[in-house]
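A short worksheet on the structure shown next.
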Amino acid sequence: MLITYSIDSIINKLTDNDQEVVQVLDKFINFGINLIQTTDELLEEIIDFDAVYQFHITDLSFNFWIGVSKGNITYKKGVNKNTSIRIFFTKDLILNIFKGEISGTEAYMKGWMKVHGNLSHAFKVKNFLRLLVDYMKLVSKCKK
């Protein structure tokens with residue numbers, strides 16, 4: 001199930017009310033996972049991942065986790081207590097990252113994003129997420 005949101009429309013939706021933002025992020029995450037599962041190059045990038053990434057969007061009270069193991073991906077809303085890393089950020093920070101106004105690394109260095117756990121997991125997933133967003137932008141352009 002591919003969604004028709006472009007990165008630009010997602011940026012616009014991130015300024016909506018909090019409930020709509022959660023729905024858009026949920027669809028966006030599912031779109032990304034579907035893209036990973038159907039793109040050989042992306043699957044190859046995660047084949048050696050074996051971690052659970054917990055995300056907390058603090059101002060939305062939206063928590064979700066993504067587990068990656070041997071190329072399989074699990075996405076669930078809520079909190080998983082057995083995670084490799086926990087990442088805390090706000091809706092505005094996500095918006096600024098999507099706009100390209102700040103990188104995740106810069107946000108972490110400035111203290112705007114909190115990371116608890118093994119930082120090697122954060123760097124590994126950061127590089128992968130950058131590649132995934134590039135693919136998502138490409139897919140969005142192809143749909144126009």
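We label chains A, B, ... in the order they appear in the structure tokens, count residues from 1 in each chain, and number ligands from 1 in the order shown.
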Inset, instruction - Mind listing the strand (DSSP E or B) residues of chain A, per DSSP on the backbone, as a PyMOL selection string? - result: chain A and resi 50-57+62-69+72-77+85-89+114-117
Between range 77-140 of chain A and range 11-15 of chain A, at 8 Å or less, what are the per-residue closest atom pairs and their distances in Å? Count only C-alpha atoms, order by chain and rising residue number, and return it as a Markdown table.
```
| residue | atom | partner | partner_atom | distance |
| --- | --- | --- | --- | --- |
| A:Lys91 | CA | A:Leu14 | CA | 7.3 |
| A:Leu95 | CA | A:Ile11 | CA | 6.1 |
| A:Phe98 | CA | A:Ile11 | CA | 6.8 |
| A:Lys99 | CA | A:Ile11 | CA | 7.2 |
```
List as a short mmCIF file (atom, residue, chain, number, x, y, z; two decimals) with N, CA and C atoms, in the first residue's frame the protein and nucleic acid residues near range 105-112 of chain A, meaning an atom at most 12 Å away when only C-alpha atoms are counted, but skip any in the same chain fewer than 2 places from it.
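Heads up, here's the output in result-v2.cif:
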```cif
data_model
loop_
_atom_site.label_atom_id
_atom_site.label_comp_id
_atom_site.auth_asym_id
_atom_site.auth_seq_id
_atom_site.Cartn_x
_atom_site.Cartn_y
_atom_site.Cartn_z
N ILE A 57 7.92 10.87 20.44
CA ILE A 57 7.66 12.25 20.02
C ILE A 57 6.97 12.89 21.22
N THR A 58 7.76 13.59 21.99
CA THR A 58 7.35 13.98 23.34
C THR A 58 6.15 14.92 23.38
N ILE A 87 15.01 7.21 21.28
CA ILE A 87 15.25 8.53 20.70
C ILE A 87 14.05 9.41 21.04
N PHE A 88 14.32 10.58 21.61
CA PHE A 88 13.29 11.52 22.05
C PHE A 88 13.41 12.81 21.23
N PHE A 89 12.30 13.24 20.66
CA PHE A 89 12.30 14.48 19.89
C PHE A 89 10.89 15.05 19.83
N THR A 90 10.75 16.22 19.20
CA THR A 90 9.46 16.90 19.13
C THR A 90 8.97 16.96 17.68
N LYS A 91 7.70 17.31 17.54
CA LYS A 91 7.10 17.49 16.22
C LYS A 91 7.85 18.55 15.43
N ASP A 92 8.18 19.67 16.06
CA ASP A 92 8.90 20.74 15.36
C ASP A 92 10.26 20.28 14.87
N LEU A 93 10.93 19.45 15.65
CA LEU A 93 12.23 18.95 15.22
C LEU A 93 12.07 18.06 13.98
N ILE A 94 11.06 17.21 13.97
CA ILE A 94 10.81 16.38 12.78
C ILE A 94 10.60 17.27 11.57
N ASN A 96 11.64 20.30 11.04
CA ASN A 96 12.91 20.93 10.63
C ASN A 96 13.84 19.94 9.94
N ILE A 97 13.83 18.69 10.36
CA ILE A 97 14.66 17.67 9.71
C ILE A 97 14.13 17.40 8.30
N GLY A 100 15.03 19.92 5.89
CA GLY A 100 16.46 20.00 5.64
C GLY A 100 17.13 21.16 6.35
N GLU A 101 16.45 21.73 7.34
CA GLU A 101 17.00 22.86 8.08
C GLU A 101 18.00 22.43 9.14
N ILE A 102 17.94 21.16 9.53
CA ILE A 102 18.86 20.62 10.53
C ILE A 102 18.98 19.12 10.29
N SER A 103 20.11 18.57 10.62
CA SER A 103 20.27 17.12 10.52
C SER A 103 20.03 16.50 11.89
N LYS A 114 17.27 13.76 22.20
CA LYS A 114 17.92 12.96 23.24
C LYS A 114 17.99 11.51 22.76
N VAL A 115 19.12 10.90 23.01
CA VAL A 115 19.33 9.50 22.62
C VAL A 115 19.82 8.74 23.85
N HIS A 116 19.13 7.68 24.20
CA HIS A 116 19.53 6.82 25.31
C HIS A 116 19.82 5.44 24.74
N LEU A 119 25.10 4.51 21.03
CA LEU A 119 25.12 5.47 19.93
C LEU A 119 25.50 4.84 18.59
N ALA A 122 22.46 4.43 16.71
CA ALA A 122 21.93 5.69 16.18
C ALA A 122 22.64 6.07 14.88
N PHE A 123 23.94 5.93 14.83
CA PHE A 123 24.67 6.28 13.62
C PHE A 123 24.34 5.32 12.48
N LYS A 124 24.17 4.08 12.79
CA LYS A 124 23.82 3.09 11.78
C LYS A 124 22.46 3.40 11.17
N VAL A 125 21.48 3.67 12.01
CA VAL A 125 20.13 3.95 11.51
C VAL A 125 20.07 5.32 10.84
N LYS A 126 20.88 6.28 11.28
CA LYS A 126 20.90 7.61 10.66
C LYS A 126 21.26 7.52 9.19
N ASN A 127 22.30 6.78 8.88
CA ASN A 127 22.73 6.64 7.49
C ASN A 127 21.66 5.94 6.66
N ARG A 130 18.66 8.32 5.98
CA ARG A 130 18.98 9.29 4.93
C ARG A 130 18.75 8.65 3.55
#
```
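If you look at CA of Ile85 in chain A and CA of Lys70 in chain A, they are 17.7 Å away from each other.
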Inset, instruction - Pick out the residues sitting within 12 Å of Phe62 in chain A, and hand them over as an MDAnalysis selection string; count only C-alpha atoms, and ignore anything fewer than 5 positions along from it in its own chain. - result: chainID A and resid 18:26 54:57 76:79 88:91
Give me a file of those residues, with N, CA and C atoms, as an mmCIF file, in the first residue's frame.
```
data_model
loop_
_atom_site.group_PDB
_atom_site.id
_atom_site.type_symbol
_atom_site.label_atom_id
_atom_site.label_comp_id
_atom_site.auth_asym_id
_atom_site.auth_seq_id
_atom_site.Cartn_x
_atom_site.Cartn_y
_atom_site.Cartn_z
ATOM 1 N N ASP A 18 -2.514 17.962 16.262
ATOM 2 C CA ASP A 18 -1.676 16.843 16.698
ATOM 3 C C ASP A 18 -2.222 15.480 16.284
ATOM 4 N N GLN A 19 -3.541 15.280 16.322
ATOM 5 C CA GLN A 19 -4.110 13.982 15.948
ATOM 6 C C GLN A 19 -3.862 13.697 14.474
ATOM 7 N N GLU A 20 -4.027 14.713 13.617
ATOM 8 C CA GLU A 20 -3.752 14.519 12.195
ATOM 9 C C GLU A 20 -2.273 14.248 11.960
ATOM 10 N N VAL A 21 -1.411 14.887 12.713
ATOM 11 C CA VAL A 21 0.027 14.676 12.577
ATOM 12 C C VAL A 21 0.372 13.224 12.886
ATOM 13 N N VAL A 22 -0.203 12.677 13.952
ATOM 14 C CA VAL A 22 0.046 11.278 14.308
ATOM 15 C C VAL A 22 -0.414 10.359 13.176
ATOM 16 N N GLN A 23 -1.565 10.639 12.595
ATOM 17 C CA GLN A 23 -2.065 9.808 11.496
ATOM 18 C C GLN A 23 -1.148 9.891 10.275
ATOM 19 N N VAL A 24 -0.683 11.093 9.961
ATOM 20 C CA VAL A 24 0.215 11.271 8.818
ATOM 21 C C VAL A 24 1.541 10.556 9.073
ATOM 22 N N LEU A 25 2.094 10.703 10.274
ATOM 23 C CA LEU A 25 3.351 10.020 10.593
ATOM 24 C C LEU A 25 3.189 8.504 10.522
ATOM 25 N N ASP A 26 2.071 7.994 11.003
ATOM 26 C CA ASP A 26 1.801 6.560 10.940
ATOM 27 C C ASP A 26 1.791 6.083 9.482
ATOM 28 N N GLN A 54 13.322 2.583 19.602
ATOM 29 C CA GLN A 54 12.143 3.176 20.234
ATOM 30 C C GLN A 54 12.170 4.683 19.990
ATOM 31 N N PHE A 55 11.077 5.221 19.481
ATOM 32 C CA PHE A 55 10.959 6.644 19.198
ATOM 33 C C PHE A 55 9.873 7.244 20.082
ATOM 34 N N HIS A 56 10.181 8.398 20.662
ATOM 35 C CA HIS A 56 9.236 9.130 21.508
ATOM 36 C C HIS A 56 9.099 10.541 20.953
ATOM 37 N N ILE A 57 7.920 10.874 20.444
ATOM 38 C CA ILE A 57 7.657 12.246 20.021
ATOM 39 C C ILE A 57 6.967 12.890 21.216
ATOM 40 N N LYS A 76 5.406 -1.028 15.522
ATOM 41 C CA LYS A 76 4.296 -1.046 16.473
ATOM 42 C C LYS A 76 4.214 0.304 17.172
ATOM 43 N N LYS A 77 2.992 0.730 17.436
ATOM 44 C CA LYS A 77 2.786 1.915 18.263
ATOM 45 C C LYS A 77 2.932 1.498 19.718
ATOM 46 N N GLY A 78 3.364 2.432 20.548
ATOM 47 C CA GLY A 78 3.523 2.145 21.962
ATOM 48 C C GLY A 78 4.985 2.082 22.352
ATOM 49 N N VAL A 79 5.208 1.508 23.529
ATOM 50 C CA VAL A 79 6.559 1.448 24.090
ATOM 51 C C VAL A 79 6.989 -0.010 24.204
ATOM 52 N N PHE A 88 14.325 10.577 21.610
ATOM 53 C CA PHE A 88 13.294 11.522 22.050
ATOM 54 C C PHE A 88 13.409 12.805 21.231
ATOM 55 N N PHE A 89 12.299 13.244 20.657
ATOM 56 C CA PHE A 89 12.302 14.483 19.890
ATOM 57 C C PHE A 89 10.890 15.055 19.831
ATOM 58 N N THR A 90 10.745 16.221 19.199
ATOM 59 C CA THR A 90 9.459 16.898 19.126
ATOM 60 C C THR A 90 8.966 16.959 17.677
ATOM 61 N N LYS A 91 7.700 17.309 17.540
ATOM 62 C CA LYS A 91 7.098 17.485 16.221
ATOM 63 C C LYS A 91 7.852 18.550 15.432
#
```
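Those residues that approach Gly32 in chain A to within 10 Å, counting only C-alpha atoms, are Leu2, Ile3, Asp26, Lys27, Gln37, Thr38, Leu129, Leu132, Val133, Tyr135 and Met136 of chain A; same-chain residues fewer than 5 positions away are not listed.
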Take the selection from the previous step and output its residues with N, CA and C atoms, as a PDB file, in the first residue's frame.
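Wrote it out as result_32.pdb, contents follow:
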```
ATOM      1  N   LEU A   2       0.975   1.887  -1.143  1.00  0.00           N
ATOM      2  CA  LEU A   2       1.740   3.121  -1.213  1.00  0.00           C
ATOM      3  C   LEU A   2       0.802   4.288  -0.969  1.00  0.00           C
ATOM      4  N   ILE A   3       1.276   5.259  -0.245  1.00  0.00           N
ATOM      5  CA  ILE A   3       0.470   6.456  -0.019  1.00  0.00           C
ATOM      6  C   ILE A   3       0.884   7.513  -1.016  1.00  0.00           C
ATOM      7  N   ASP A  26       2.071   7.994  11.003  1.00  0.00           N
ATOM      8  CA  ASP A  26       1.801   6.560  10.940  1.00  0.00           C
ATOM      9  C   ASP A  26       1.791   6.083   9.482  1.00  0.00           C
ATOM     10  N   LYS A  27       1.105   6.803   8.621  1.00  0.00           N
ATOM     11  CA  LYS A  27       1.072   6.446   7.190  1.00  0.00           C
ATOM     12  C   LYS A  27       2.457   6.559   6.566  1.00  0.00           C
ATOM     13  N   GLN A  37      10.630  -2.994   2.134  1.00  0.00           N
ATOM     14  CA  GLN A  37      10.329  -4.403   1.875  1.00  0.00           C
ATOM     15  C   GLN A  37      10.226  -4.725   0.387  1.00  0.00           C
ATOM     16  N   THR A  38      10.069  -3.714  -0.451  1.00  0.00           N
ATOM     17  CA  THR A  38       9.923  -3.951  -1.890  1.00  0.00           C
ATOM     18  C   THR A  38      11.099  -3.421  -2.703  1.00  0.00           C
ATOM     19  N   LEU A 129      18.370   5.893   7.293  1.00  0.00           N
ATOM     20  CA  LEU A 129      17.202   6.771   7.154  1.00  0.00           C
ATOM     21  C   LEU A 129      17.435   7.828   6.081  1.00  0.00           C
ATOM     22  N   LEU A 132      16.782   6.071   2.890  1.00  0.00           N
ATOM     23  CA  LEU A 132      15.349   5.821   2.768  1.00  0.00           C
ATOM     24  C   LEU A 132      14.606   7.088   2.350  1.00  0.00           C
ATOM     25  N   VAL A 133      14.903   8.207   2.967  1.00  0.00           N
ATOM     26  CA  VAL A 133      14.229   9.461   2.609  1.00  0.00           C
ATOM     27  C   VAL A 133      14.541   9.836   1.158  1.00  0.00           C
ATOM     28  N   TYR A 135      15.040   7.750  -1.276  1.00  0.00           N
ATOM     29  CA  TYR A 135      14.171   6.876  -2.069  1.00  0.00           C
ATOM     30  C   TYR A 135      12.724   7.373  -2.030  1.00  0.00           C
ATOM     31  N   MET A 136      12.276   7.807  -0.862  1.00  0.00           N
ATOM     32  CA  MET A 136      10.902   8.286  -0.729  1.00  0.00           C
ATOM     33  C   MET A 136      10.679   9.527  -1.586  1.00  0.00           C
TER      34      MET A 136
END
```
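Counting only C-alpha atoms, the residue from A:Asn80, A:Ser9, A:Ser61, A:Gly104 that sits nearest to Phe28 in chain A is A:Ser9.
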Inset, instruction - Just the alpha helix (DSSP H) stuff from chain A, please, per backbone DSSP, written as a ChimeraX atom specification. - result: /A:7-13,18-37,40-46,91-99,104-109,119-143
Inset, instruction - Please provide the set of residues having any atom within 6 Å of range 42-50 of chain A, restricted to only C-alpha atoms, with same-chain residues fewer than 5 positions apart removed, written as a PyMOL selection string. - result: chain A and resi 36+68-71
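The smallest atom-to-atom distance between Thr39 in chain A and any of A:Ile10, A:Asn63, A:Ala51, A:Leu131, using only C-alpha atoms, is found for A:Leu131.
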Legend entry - Distance criterion (only C-alpha atoms): nearest to Thr74 in chain A out of A:Asn17, A:Met113, A:Glu41, A:Asn30: A:Asn30
Inset, instruction - Would you please work out which residue, of A:Ile29, A:His121, A:Asp40, A:Ser84, is nearest to Phe64 in chain A when using only C-alpha atoms? - result: A:Ile29
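A straight line drawn from CA of Arg86 in chain A to CA of Ser120 in chain A is 12.4 Å long.
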